[in-house]
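Text of the file work.cif, holding mmCIF, C-alpha atoms:
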```cif
data_run
loop_
_atom_site.label_atom_id
_atom_site.label_comp_id
_atom_site.auth_asym_id
_atom_site.auth_seq_id
_atom_site.Cartn_x
_atom_site.Cartn_y
_atom_site.Cartn_z
CA MET A 1 11.78 -4.52 -19.33
CA THR A 2 8.40 -3.17 -18.31
CA PHE A 3 6.55 -4.00 -15.13
CA VAL A 4 3.99 -6.08 -17.07
CA GLU A 5 6.71 -8.09 -18.83
CA GLU A 6 8.51 -8.72 -15.55
CA VAL A 7 5.34 -9.97 -13.85
CA ASP A 8 4.47 -12.19 -16.83
CA ILE A 9 7.87 -13.85 -16.62
CA PHE A 10 7.67 -14.18 -12.83
CA LEU A 11 4.32 -15.95 -13.05
CA ASN A 12 5.49 -18.34 -15.76
CA VAL A 13 8.47 -19.56 -13.75
CA THR A 14 7.94 -22.31 -11.16
CA LYS A 15 8.72 -20.98 -7.74
CA ARG A 16 8.72 -22.08 -4.12
CA LEU A 17 8.31 -20.51 -0.71
CA SER A 18 11.18 -19.93 1.67
CA GLY A 19 11.60 -18.64 5.20
CA MET A 20 9.77 -19.47 8.41
CA PRO A 21 6.91 -17.00 8.75
CA VAL A 22 6.07 -15.67 12.19
CA TRP A 23 2.86 -13.84 13.06
CA ARG A 24 3.52 -10.25 14.11
CA ALA A 25 1.10 -7.53 15.19
CA GLU A 26 0.78 -4.58 12.86
CA PRO A 27 1.19 -1.15 14.47
CA ALA A 28 -2.43 -0.21 13.83
CA GLY A 29 -5.36 -2.39 14.68
CA ASP A 30 -5.93 -6.04 15.32
CA GLU A 31 -4.19 -7.28 12.21
CA TRP A 32 -1.49 -9.91 12.39
CA ARG A 33 0.84 -10.37 9.48
CA ALA A 34 3.34 -12.95 8.32
CA PHE A 35 5.06 -13.55 5.01
CA TYR A 36 7.00 -16.07 2.98
CA GLU A 37 9.79 -15.05 0.64
CA ILE A 38 9.31 -16.38 -2.88
CA GLU A 39 12.31 -17.92 -4.62
CA THR A 40 12.89 -19.86 -7.81
CA VAL A 41 13.17 -23.64 -7.60
CA ALA A 42 16.93 -23.11 -8.02
CA GLY A 43 16.88 -21.16 -4.75
CA VAL A 44 17.33 -17.68 -6.24
CA ALA A 45 15.45 -14.97 -4.32
CA THR A 46 12.87 -13.16 -6.47
CA GLY A 47 12.44 -10.26 -4.03
CA ARG A 48 8.70 -10.91 -3.99
CA ARG A 49 6.61 -12.06 -1.03
CA LEU A 50 3.54 -14.03 -0.21
CA ASP A 51 1.88 -11.81 2.36
CA MET A 52 -0.65 -13.14 4.86
CA SER A 53 -2.86 -10.89 6.99
CA VAL A 54 -5.28 -12.32 9.54
CA TYR A 55 -7.80 -10.81 11.93
CA PRO A 56 -8.41 -13.52 14.54
CA GLN A 57 -10.47 -11.24 16.77
CA ARG A 58 -12.89 -10.06 14.12
CA PRO A 59 -16.19 -11.74 13.46
CA GLY A 60 -15.78 -14.53 10.95
CA ARG A 61 -11.96 -14.52 11.41
CA PRO A 62 -11.26 -13.00 7.98
CA PHE A 63 -7.90 -13.07 6.19
CA MET A 64 -6.10 -11.81 3.13
CA LEU A 65 -3.41 -13.51 1.07
CA ALA A 66 -1.45 -11.65 -1.57
CA VAL A 67 1.56 -12.05 -3.80
CA VAL A 68 3.06 -8.61 -3.45
CA TRP A 69 5.25 -7.08 -6.13
CA PRO A 70 4.24 -4.28 -5.01
CA PRO A 71 1.44 -3.79 -5.85
CA PRO A 72 -0.22 -7.12 -5.04
CA ILE A 73 -0.48 -8.98 -8.35
CA TRP A 74 -2.68 -11.81 -7.02
CA ARG A 75 -4.91 -11.49 -3.98
CA VAL A 76 -7.48 -13.51 -2.09
CA ASN A 77 -9.82 -11.91 0.46
CA VAL A 78 -11.85 -14.23 2.66
CA ASP A 79 -14.51 -12.52 4.74
CA SER A 80 -18.21 -12.55 5.44
CA GLY A 81 -21.08 -11.86 3.09
CA ALA A 82 -21.36 -8.30 4.42
CA HIS A 83 -18.26 -7.33 2.40
CA TRP A 84 -18.40 -6.57 -1.27
CA HIS A 85 -16.40 -5.28 -4.21
CA ASP A 86 -17.67 -3.39 -7.23
CA ASN A 87 -16.12 -4.26 -10.58
CA ASP A 88 -15.65 -1.43 -13.02
CA LYS A 89 -16.40 -2.58 -16.59
CA PRO A 90 -16.14 -6.27 -15.73
CA PRO A 91 -15.28 -8.73 -18.49
CA ARG A 92 -17.93 -11.16 -19.74
CA GLY A 93 -18.96 -13.65 -17.10
CA VAL A 94 -17.74 -11.55 -14.17
CA PRO A 95 -20.43 -10.01 -11.96
CA ARG A 96 -20.69 -6.25 -11.50
CA ARG A 97 -20.68 -6.73 -7.74
CA VAL A 98 -18.92 -9.53 -5.87
CA VAL A 99 -20.34 -10.15 -2.41
CA GLY A 100 -18.28 -11.96 0.23
CA SER A 101 -14.98 -13.76 -0.35
CA ARG A 102 -13.26 -12.84 -3.59
CA TYR A 103 -10.00 -13.07 -5.52
CA PHE A 104 -8.06 -10.81 -7.86
CA THR A 105 -5.86 -12.34 -10.55
CA TRP A 106 -3.07 -10.90 -12.65
CA ALA A 107 -4.88 -12.06 -15.80
CA ASP A 108 -7.93 -9.95 -14.90
CA ASN A 109 -5.96 -6.91 -13.78
CA ARG A 110 -2.88 -6.99 -16.01
CA ASP A 111 -3.98 -3.80 -17.76
CA ARG A 112 -4.99 -2.04 -14.55
CA LEU A 113 -2.23 -2.73 -12.04
CA ARG A 114 0.76 -0.39 -12.10
CA PRO A 115 3.30 0.31 -9.35
CA GLY A 116 2.57 3.37 -7.27
CA ARG A 117 -0.88 3.81 -8.72
CA GLU A 118 -4.26 3.05 -7.20
CA ALA A 119 -6.47 1.12 -9.54
CA ARG A 120 -10.02 -0.11 -9.66
CA LEU A 121 -9.50 -3.86 -9.85
CA ILE A 122 -11.56 -6.76 -11.13
CA ALA A 123 -12.57 -9.31 -8.51
CA ARG A 124 -14.24 -12.70 -8.91
CA PRO A 125 -16.19 -14.61 -6.28
CA LEU A 126 -14.10 -17.19 -4.45
CA GLU A 127 -15.57 -20.68 -4.62
CA PRO A 128 -16.68 -22.01 -1.21
CA GLN A 129 -14.19 -24.90 -1.33
CA HIS A 130 -11.27 -22.40 -1.40
CA ARG A 131 -12.39 -20.31 1.59
CA ALA A 132 -10.74 -22.35 4.33
CA TRP A 133 -7.27 -21.08 5.27
CA ASP A 134 -5.25 -24.04 4.00
CA ASN A 135 -7.28 -24.40 0.83
CA ALA A 136 -7.04 -20.70 0.01
CA LEU A 137 -3.28 -20.73 0.53
CA ARG A 138 -2.79 -23.80 -1.66
CA TRP A 139 -5.13 -22.49 -4.32
CA LEU A 140 -3.37 -19.11 -4.50
CA CYS A 141 0.03 -20.80 -4.74
CA ALA A 142 -1.19 -22.99 -7.58
CA GLY A 143 -2.49 -19.88 -9.36
CA VAL A 144 0.84 -18.07 -9.27
CA GLY A 145 3.06 -21.07 -9.99
CA ILE A 146 4.40 -21.79 -6.50
CA ASP A 147 5.22 -25.46 -5.99
CA LEU A 148 4.31 -26.52 -2.45
CA ALA A 149 5.77 -30.04 -2.62
CA GLY A 150 7.19 -30.87 0.81
CA GLN A 151 6.23 -27.46 2.16
CA ALA A 152 4.67 -27.18 5.63
CA LEU A 153 2.30 -24.23 5.65
CA ILE A 154 1.74 -21.81 8.49
CA ASP A 155 -1.58 -22.22 10.34
CA TYR A 156 -4.22 -19.55 10.88
CA PRO A 157 -3.64 -18.45 14.48
CA ASN A 158 -6.16 -20.19 16.70
CA ARG A 159 -6.05 -18.05 19.77
CA LEU A 160 -4.43 -14.93 21.10
CA THR A 161 -1.97 -15.11 23.95
CA LEU A 162 -0.09 -12.44 25.83
CA PHE A 163 2.67 -12.77 23.23
CA GLY A 164 0.45 -12.82 20.16
CA PRO A 165 -1.53 -15.35 18.21
CA GLN A 166 -0.70 -19.08 18.30
CA MET V 1 -32.32 -9.65 29.00
CA SER V 2 -32.63 -7.73 25.76
CA THR V 3 -30.11 -4.88 25.38
CA ALA V 4 -29.97 -1.84 23.13
CA ALA V 5 -27.50 -3.74 20.95
CA ASP V 6 -29.96 -6.59 20.49
CA HIS V 7 -32.67 -4.11 19.60
CA VAL V 8 -30.48 -2.38 16.99
CA SER V 9 -29.34 -5.73 15.62
CA ASP V 10 -32.95 -6.88 15.24
CA ARG V 11 -34.00 -3.65 13.57
CA LEU V 12 -31.04 -3.68 11.16
CA THR V 13 -31.69 -7.26 10.22
CA GLN V 14 -35.33 -6.42 9.49
CA ILE V 15 -34.33 -3.41 7.36
CA ALA V 16 -31.62 -5.37 5.57
CA THR V 17 -33.92 -8.25 4.81
CA ALA V 18 -36.49 -5.84 3.41
CA ARG V 19 -33.81 -4.28 1.16
CA ASN V 20 -32.27 -7.61 0.21
CA LEU V 21 -28.94 -6.63 1.82
CA ALA V 22 -26.55 -9.04 3.46
CA VAL V 23 -26.27 -7.83 7.04
CA VAL V 24 -24.29 -10.51 8.85
CA VAL V 25 -25.09 -11.08 12.52
CA HIS V 26 -22.35 -12.61 14.65
CA GLU V 27 -22.43 -13.50 18.32
CA ALA V 28 -21.07 -10.15 19.50
CA ALA V 29 -21.32 -7.89 16.47
CA VAL V 30 -23.32 -7.05 13.39
CA GLU V 31 -21.68 -6.34 10.03
CA VAL V 32 -23.54 -3.79 7.93
CA PRO V 33 -22.59 -3.26 4.29
CA THR V 34 -22.74 0.39 3.19
CA ASP V 35 -22.82 2.02 -0.24
CA VAL V 36 -19.51 3.80 0.38
CA VAL V 37 -16.77 2.58 -1.95
CA LEU V 38 -12.99 2.80 -1.57
CA PRO V 39 -10.91 3.84 -4.61
CA SER V 40 -10.09 0.16 -5.18
CA GLY V 41 -13.77 -0.67 -5.65
CA ALA V 42 -14.12 -2.36 -2.26
CA GLY V 43 -17.24 -1.48 -0.33
CA ILE V 44 -16.97 -0.36 3.28
CA THR V 45 -18.68 -2.59 5.80
CA VAL V 46 -19.42 -1.09 9.19
CA ILE V 47 -19.39 -3.17 12.37
CA LEU V 48 -21.80 -2.55 15.24
CA ALA V 49 -21.14 -3.91 18.69
CA GLY V 50 -22.99 -3.32 21.94
CA SER V 51 -21.15 -1.80 24.87
CA ARG V 52 -20.88 -3.62 28.19
CA ASP V 53 -23.51 -1.44 29.80
CA GLY V 54 -25.89 -2.34 27.00
CA GLU V 55 -26.83 1.30 26.51
CA THR V 56 -24.52 2.48 23.72
CA ILE V 57 -23.45 1.05 20.39
CA ALA V 58 -19.86 1.09 19.11
CA VAL V 59 -19.87 1.76 15.37
CA SER V 60 -16.57 1.04 13.60
CA ASP V 61 -15.20 0.58 10.09
CA GLY V 62 -13.67 -2.76 11.08
CA GLY V 63 -10.24 -1.51 10.00
CA ALA V 64 -11.34 -0.92 6.39
CA ALA V 65 -9.17 2.19 6.00
CA VAL V 66 -6.06 0.38 7.23
CA GLN V 67 -6.86 -2.65 5.13
CA HIS V 68 -7.07 -0.46 2.04
CA VAL V 69 -3.43 0.49 2.57
CA ARG V 70 -2.49 -3.17 2.82
CA GLN V 71 -4.36 -4.04 -0.34
CA LEU V 72 -2.14 -1.63 -2.24
CA GLY V 73 0.87 -3.57 -1.00
CA LEU V 74 1.86 -0.78 1.40
CA TYR V 75 2.55 -1.06 5.13
CA LEU V 76 1.69 1.33 7.88
CA ALA V 77 4.41 2.18 10.36
CA GLU V 78 4.21 3.88 13.75
CA ALA V 79 5.43 7.07 12.04
CA ASP V 80 2.31 7.16 9.87
CA LEU V 81 -0.16 7.01 12.74
CA PRO V 82 -0.04 10.65 13.95
CA ALA V 83 -1.19 11.93 10.54
CA ILE V 84 -4.04 9.42 10.51
CA LYS V 85 -5.06 10.25 14.08
CA ARG V 86 -5.05 13.97 13.29
CA ALA V 87 -7.28 13.44 10.26
CA ALA V 88 -9.63 11.22 12.27
CA LYS V 89 -9.86 13.88 14.95
CA VAL V 90 -10.88 16.47 12.36
CA LEU V 91 -13.67 14.10 11.33
CA ARG V 92 -14.56 13.64 15.02
CA LEU V 93 -13.88 9.94 14.88
CA ASP V 94 -11.67 7.86 17.16
CA PHE V 95 -8.75 5.98 15.65
CA GLY V 96 -7.83 3.84 18.59
CA ALA V 97 -6.96 0.31 17.62
CA GLY V 98 -6.65 0.68 13.89
CA GLU V 99 -10.37 1.12 13.50
CA LEU V 100 -12.32 4.31 13.05
CA ALA V 101 -15.00 4.26 15.67
CA LEU V 102 -17.80 6.18 17.25
CA LYS V 103 -19.92 5.39 20.32
CA VAL V 104 -23.54 6.43 20.00
CA GLN V 105 -26.97 5.94 21.47
CA PRO V 106 -29.11 3.36 19.64
CA ASN V 107 -31.25 6.08 18.03
CA ASP V 108 -28.16 7.61 16.40
CA VAL V 109 -26.90 4.44 14.77
CA ALA V 110 -28.12 5.31 11.26
CA TRP V 111 -26.15 8.55 10.91
CA ALA V 112 -23.18 7.04 12.74
CA ILE V 113 -22.96 4.27 10.12
CA SER V 114 -22.90 6.84 7.34
CA ARG V 115 -20.35 9.01 9.14
CA VAL V 116 -18.00 6.15 9.94
CA ALA V 117 -18.18 4.73 6.41
CA ASN V 118 -17.50 8.08 4.74
CA GLY V 119 -14.80 8.86 7.29
CA SER V 120 -13.17 5.52 6.58
CA ARG V 121 -12.91 6.33 2.87
CA ASP V 122 -11.30 9.71 3.67
CA ILE V 123 -8.90 8.20 6.19
CA ALA V 124 -7.90 5.47 3.71
CA GLU V 125 -6.68 8.20 1.36
CA VAL V 126 -4.87 10.02 4.19
CA ALA V 127 -3.18 6.76 5.22
CA VAL V 128 -1.96 6.00 1.68
CA ARG V 129 -0.52 9.51 1.37
CA ALA V 130 1.19 9.18 4.78
CA VAL V 131 2.84 5.90 3.80
CA ARG V 132 4.02 7.24 0.45
CA ARG V 133 5.43 10.38 2.09
CA ARG V 134 7.36 8.27 4.60
CA GLN V 135 8.77 6.06 1.87
CA ALA V 136 9.96 9.13 -0.03
CA ARG V 137 11.48 10.59 3.15
CA ASN V 138 13.36 7.35 3.78
CA PHE V 139 14.90 7.45 0.32
CA LYS V 140 15.85 11.09 0.75
CA SER V 141 17.44 10.32 4.07
CA ILE V 142 19.49 7.46 2.56
CA VAL V 143 20.72 9.71 -0.25
CA ARG V 144 21.57 12.45 2.27
CA GLN V 145 23.69 10.01 4.27
CA GLN V 146 25.52 8.88 1.14
CA LEU V 147 26.27 12.49 0.17
CA SER V 148 27.59 13.28 3.64
CA ARG V 149 29.82 10.23 3.48
CA LEU V 150 31.11 10.98 -0.03
CA PHE V 151 31.55 14.71 0.50
CA PRO V 152 32.43 15.04 4.19
CA THR V 153 33.66 18.62 3.89
CA ALA V 154 31.24 19.95 1.29
CA ILE V 155 28.26 22.17 2.00
CA ILE V 156 25.09 20.20 1.29
CA THR V 157 21.92 22.24 1.01
CA ASP V 158 18.48 20.70 1.37
CA ARG V 159 15.74 22.09 -0.88
CA ALA V 160 18.27 24.22 -2.76
CA ARG V 161 16.92 27.07 -4.90
CA ILE V 162 18.29 27.45 -8.44
CA ALA V 163 16.94 29.57 -11.30
CA GLY V 164 16.17 28.18 -14.74
CA ALA V 165 16.49 29.72 -18.23
CA SER V 166 12.96 31.08 -17.82
CA ALA V 167 14.23 32.99 -14.73
CA ARG V 168 11.87 30.98 -12.61
CA PRO V 169 13.52 29.62 -9.43
CA TYR V 170 13.19 25.90 -8.65
CA ARG V 171 13.80 23.81 -5.55
CA PHE V 172 16.05 20.78 -5.84
CA ASP V 173 16.18 18.10 -3.15
CA TYR V 174 19.91 18.56 -2.59
CA ALA V 175 22.70 20.77 -3.83
CA VAL V 176 26.33 19.98 -3.06
CA ARG V 177 28.94 22.73 -3.37
CA LEU V 178 32.06 21.08 -4.71
CA GLY V 179 35.58 22.38 -5.08
CA GLY V 180 36.59 24.57 -8.05
CA GLY V 181 33.32 26.46 -8.29
CA ARG V 182 31.38 23.35 -9.17
CA GLN V 183 27.96 22.52 -7.83
CA LEU V 184 25.92 19.33 -8.03
CA THR V 185 22.11 19.23 -7.82
CA LEU V 186 20.20 16.07 -7.05
CA ASP V 187 16.51 15.59 -7.69
CA LEU V 188 14.70 12.59 -6.18
CA PRO V 189 11.34 12.09 -7.90
CA HIS V 190 8.58 9.60 -6.99
CA PRO V 191 7.16 7.25 -9.60
CA ASP V 192 3.88 9.16 -9.95
CA PRO V 193 3.35 10.97 -13.27
CA THR V 194 2.92 14.46 -11.77
CA THR V 195 6.24 14.38 -9.94
CA VAL V 196 7.98 12.96 -12.99
CA SER V 197 6.70 15.79 -15.22
CA THR V 198 7.70 18.55 -12.80
CA THR V 199 11.13 16.96 -12.30
CA VAL V 200 11.73 16.92 -16.05
CA LEU V 201 10.58 20.52 -16.43
CA ARG V 202 12.69 21.78 -13.52
CA ASN V 203 15.87 20.07 -14.67
CA LEU V 204 15.40 20.97 -18.31
CA ASP V 205 14.87 24.65 -17.55
CA VAL V 206 17.97 24.86 -15.37
CA HIS V 207 19.97 22.81 -17.90
CA ARG V 208 18.99 25.28 -20.67
CA ARG V 209 20.40 28.16 -18.64
CA ASN V 210 23.65 26.22 -18.54
CA PRO V 211 25.10 27.74 -15.36
CA PRO V 212 28.89 27.35 -15.27
CA GLY V 213 30.11 24.47 -13.11
CA LEU V 214 26.64 23.06 -12.48
CA LEU V 215 26.18 19.29 -12.64
CA GLN V 216 22.64 17.95 -12.50
CA MET V 217 21.51 14.49 -11.49
CA ILE V 218 18.13 12.81 -11.17
CA VAL V 219 18.23 9.88 -8.77
CA TRP V 220 15.35 7.41 -8.88
CA ASP V 221 14.54 4.97 -6.12
CA ASP V 222 15.02 1.58 -7.78
CA ARG V 223 13.61 -0.25 -4.74
CA GLU V 224 10.27 0.80 -6.14
CA VAL V 225 9.02 -0.47 -9.47
CA TRP V 226 8.80 2.35 -12.00
CA PRO V 227 6.66 2.38 -15.11
CA ALA V 228 8.92 2.31 -18.18
CA GLU V 229 7.24 5.45 -19.53
CA SER V 230 8.16 7.41 -16.38
CA LEU V 231 11.83 6.50 -16.76
CA SER V 232 11.70 7.42 -20.45
CA GLN V 233 10.19 10.78 -19.49
CA LEU V 234 12.95 11.43 -16.96
CA GLN V 235 15.51 10.98 -19.74
CA LEU V 236 13.95 13.98 -21.50
CA ALA V 237 15.49 16.22 -18.85
CA GLU V 238 18.88 15.70 -20.57
CA VAL V 239 20.72 15.31 -17.26
CA ALA V 240 22.38 12.30 -15.60
CA LEU V 241 19.73 9.73 -14.63
CA VAL V 242 20.96 7.46 -11.85
CA ARG V 243 19.56 4.47 -9.93
CA GLY V 244 19.57 5.02 -6.16
CA SER V 245 21.44 1.74 -5.63
CA THR V 246 24.32 2.87 -7.87
CA LEU V 247 24.50 6.48 -6.70
CA GLU V 248 27.92 6.21 -5.08
CA SER V 249 29.61 4.70 -8.14
CA ALA V 250 27.78 7.12 -10.45
CA LEU V 251 29.04 10.08 -8.43
CA SER V 252 32.58 8.75 -8.50
CA GLU V 253 32.36 8.37 -12.27
CA LEU V 254 30.78 11.79 -12.78
CA LEU V 255 33.08 13.71 -10.51
CA GLY V 256 36.32 11.80 -10.56
CA ARG V 257 37.34 11.70 -6.92
CA PRO V 258 34.44 13.01 -4.83
CA GLU V 259 36.32 12.88 -1.53
CA THR V 260 38.60 15.76 -2.67
CA SER V 261 35.69 18.19 -2.49
CA THR V 262 35.84 21.30 -0.37
CA PRO V 263 33.40 24.16 0.10
CA ALA V 264 33.59 26.62 -2.77
#
```

File written out as structure tokens:
Amino acid sequence: MTFVEEVDIFLNVTKRLSGMPVWRAEPAGDEWRAFYEIETVAGVATGRRLDMSVYPQRPGRPFMLAVVWPPPIWRVNVDSGAHWHDNDKPPRGVPRRVVGSRYFTWADNRDRLRPGREARLIARPLEPQHRAWDNALRWLCAGVGIDLAGQALIDYPNRLTLFGPQ
Amino acid sequence: MSTAADHVSDRLTQIATARNLAVVVHEAAVEVPTDVVLPSGAGITVILAGSRDGETIAVSDGGAAVQHVRQLGLYLAEADLPAIKRAAKVLRLDFGAGELALKVQPNDVAWAISRVANGSRDIAEVAVRAVRRRQARNFKSIVRQQLSRLFPTAIITDRARIAGASARPYRFDYAVRLGGGRQLTLDLPHPDPTTVSTTVLRNLDVHRRNPPGLLQMIVWDDREVWPAESLSQLQLAEVALVRGSTLESALSELLGRPETSTPA
């Protein structure tokens, strides 16, 4: 089965999150990362993760959410209007340049994403109502078929302590 | 009291407004979008912050290079940092806390923005290469340990040199000298097309020479996702193609009882 076929099947199956994510500092920089494992509703591990990266010390407190195969097959970047992404040959209705928060779907990048290969991806502007942490997380999960019923979600770290963000 | 940082911030905001650019001013920093693009299509935004003395400006890439690695689904480890720091040093940039940075006088901010943004794009590529090299090394090290365990008395050569039918010598990741004049070569390619092609060529050429007692094996790291076409290409080499996770059982099947091996 090819990578594309595997991802198509993965996205069509209803899934849920498992594990208790804990924020950990990355070795380089001020990034903190946590992840959920993704499993089927029957409790079978898929080997894929929902990755969450936050930058609580940076202006605007940006973050990134991604369902990582690898590569990330769905991604949401929330940051300020000084950040942008250029789309190469965007489909109809997608702007050439996306300024500010944006998202990358499998549907848009199905023909571009391949494991081990860097690709110029198609981004779309993220609607303002999805830019808050909780909303972005729920919206991404809905997009990739993750059922959040009864699921308590991890919070964006509010402040940094000696032992990390809380 | 107005500081140099305030002055630069005001000037940048004026310039940005005139050019219809979205400079974003925060309480302690200014985000400046540049025209430098990462291979993914993401633009690099530079962050300016005033120093405590109010005389110099810290210009940084805001971690854009590191974030590029993350957006490919890769993760930096401590082992990757020296290569990145070396590359940053060559570019005369600091890579202190995951950000490429430069401290300059207010008058030098314009060229510093350009230098940091371009440097960030270069460092992003260095970082991706460093991560991929480490991942490949890890797989090689796992295979090496398995070989040592399976063939405790055999001579295992790293980067073994073997000639092909064209008389050209090739390097294989490992060669194991087995009992009875037999030798096993193992090649561990990465999923990228260039490595796959050279692996096929190398194995095919040696296979055509048909050296007596030589067994060839290509072992692919099945923790990574491989394009189907790369695996199909590897089959063209006409040698045993084995998943990394099943290497031990494949060796047992190929060689009978591997633990009986002795140096030839």

Using the chain letters and numbering of this document, enumerate as a list in words the residues selected by the PyMOL selection byres ((chain V) within 6 of (chain A)).
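Applying the expression gives Ala22, Val23, Val24, Glu31, Pro33, Ser40, Gly41, Ala42, Gly43, Thr45, Leu72, Gly73, Glu78, Ala97, Gly98, Val225 and Ala228 of chain V.
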
Between atom CA of Gln145 of chain V and atom CA of Arg133 of chain V, measure the distance and give it in Å to one decimal.
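Separation of atom CA of Gln145 of chain V and atom CA of Arg133 of chain V: 18.4 Å.
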
Could you list, as a list of chain:residue names, every residue within 8 Å of segment 193-203 of chain V, counting only C-alpha atoms and ignoring same-chain residues fewer than 6 positions away?
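Neighbouring residues, sequence-local ones excluded: V:Gly164, V:Tyr170, V:Asp187, V:Gln216, V:Ser230, V:Gln233, V:Leu234, V:Gln235, V:Leu236, V:Ala237, V:Glu238, V:Val239.
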
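With only C-alpha atoms as the atoms that count, the residue of V:Ala165, V:Arg86, V:Ala136, V:Gly50 with the shortest distance to Asp222 of chain V is V:Ala136.
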
Would you kindly translate the PyMOL selection byres ((chain A and resi 148) around 8) into the concrete residues it picks from this file, as a PyMOL selection string?
chain A and resi 16-17+138+141+146-147+149-151

Spatial sel., origin (24.2, 12.3, 1.5), limit 12 Å, only C-alpha atoms, listed as a ChimeraX atom specification
/V:139-158,173-176,184-186,244,247-248,251

Point out the residue among A:Leu153, A:Arg49, A:Leu11, A:Arg24 with the least atom-to-atom distance to Asn135 of chain A, counting all atoms listed in the file.
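For Asn135 of chain A, the nearest of the given residues is A:Leu153.
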
One decimal, Å: what's the distance from atom CA of Glu55 of chain V over to atom CA of Phe95 of chain V, could you say?
21.6 Å

If you apply the PyMOL selection byres ((chain A and resi 34-43) around 8) to this file, what residues do you get, as a list in words?
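This file, filtered by the PyMOL selection byres ((chain A and resi 34-43) around 8), leaves Val13, Thr14, Lys15, Arg16, Leu17, Ser18, Gly19, Met20, Pro21, Val22, Trp23, Arg24, Trp32, Arg33, Val44, Ala45, Thr46, Gly47, Arg48, Arg49, Leu50, Asp51, Met52 and Ser53 of chain A.
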
Report as a VMD selection string all protein, DNA and RNA residues lying within 8 Å of Ile44 of chain V, evaluated on all atoms listed in the file, omitting residues in the same chain fewer than 5 positions from it.
(chain A and resid 83 to 84) or (chain V and resid 33 to 38 61 64 117 120 to 121)

Counting all atoms listed in the file, which of V:Gln71, V:Gln183, V:Ser245, V:Asn138 gets nearest to Phe104 of chain A?
V:Gln71

Please indicate the distance in Å from atom CA of Thr105 of chain A to atom CA of Val131 of chain V, rounded to one decimal place.
24.8 Å

For each of A:Ala25, A:Leu126, A:Val54, A:Val144, take the minimum atom-to-atom distance to Ala107 of chain A, counting only C-alpha atoms, then give the residue where this is smallest.
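Ranked by minimum distance to Ala107 of chain A, first place goes to A:Val144.
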
Quick one: residues within 9 Å of Pro212 of chain V, all atoms listed in the file counted, chain neighbours fewer than 3 positions away excluded, as a ChimeraX atom specification?
/V:181-183,215

Emit the selected residues as a compact mmCIF listing (two decimals), in the coordinates of the input, including C-alpha atoms.
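Heads up, here's the output in out33.txt:
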```txt
# COMPACT_ATOMS: atom_id res chain seq x y z
CA GLY V 181 33.32 26.46 -8.29
CA ARG V 182 31.38 23.35 -9.17
CA GLN V 183 27.96 22.52 -7.83
CA LEU V 215 26.18 19.29 -12.64
```

Nearest to Gly63 of chain V by atom-to-atom distance, counting all atoms listed in the file, from V:Lys89, V:Val116, V:Asp80, V:Glu27
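Smallest separation from Gly63 of chain V among the options: V:Val116.
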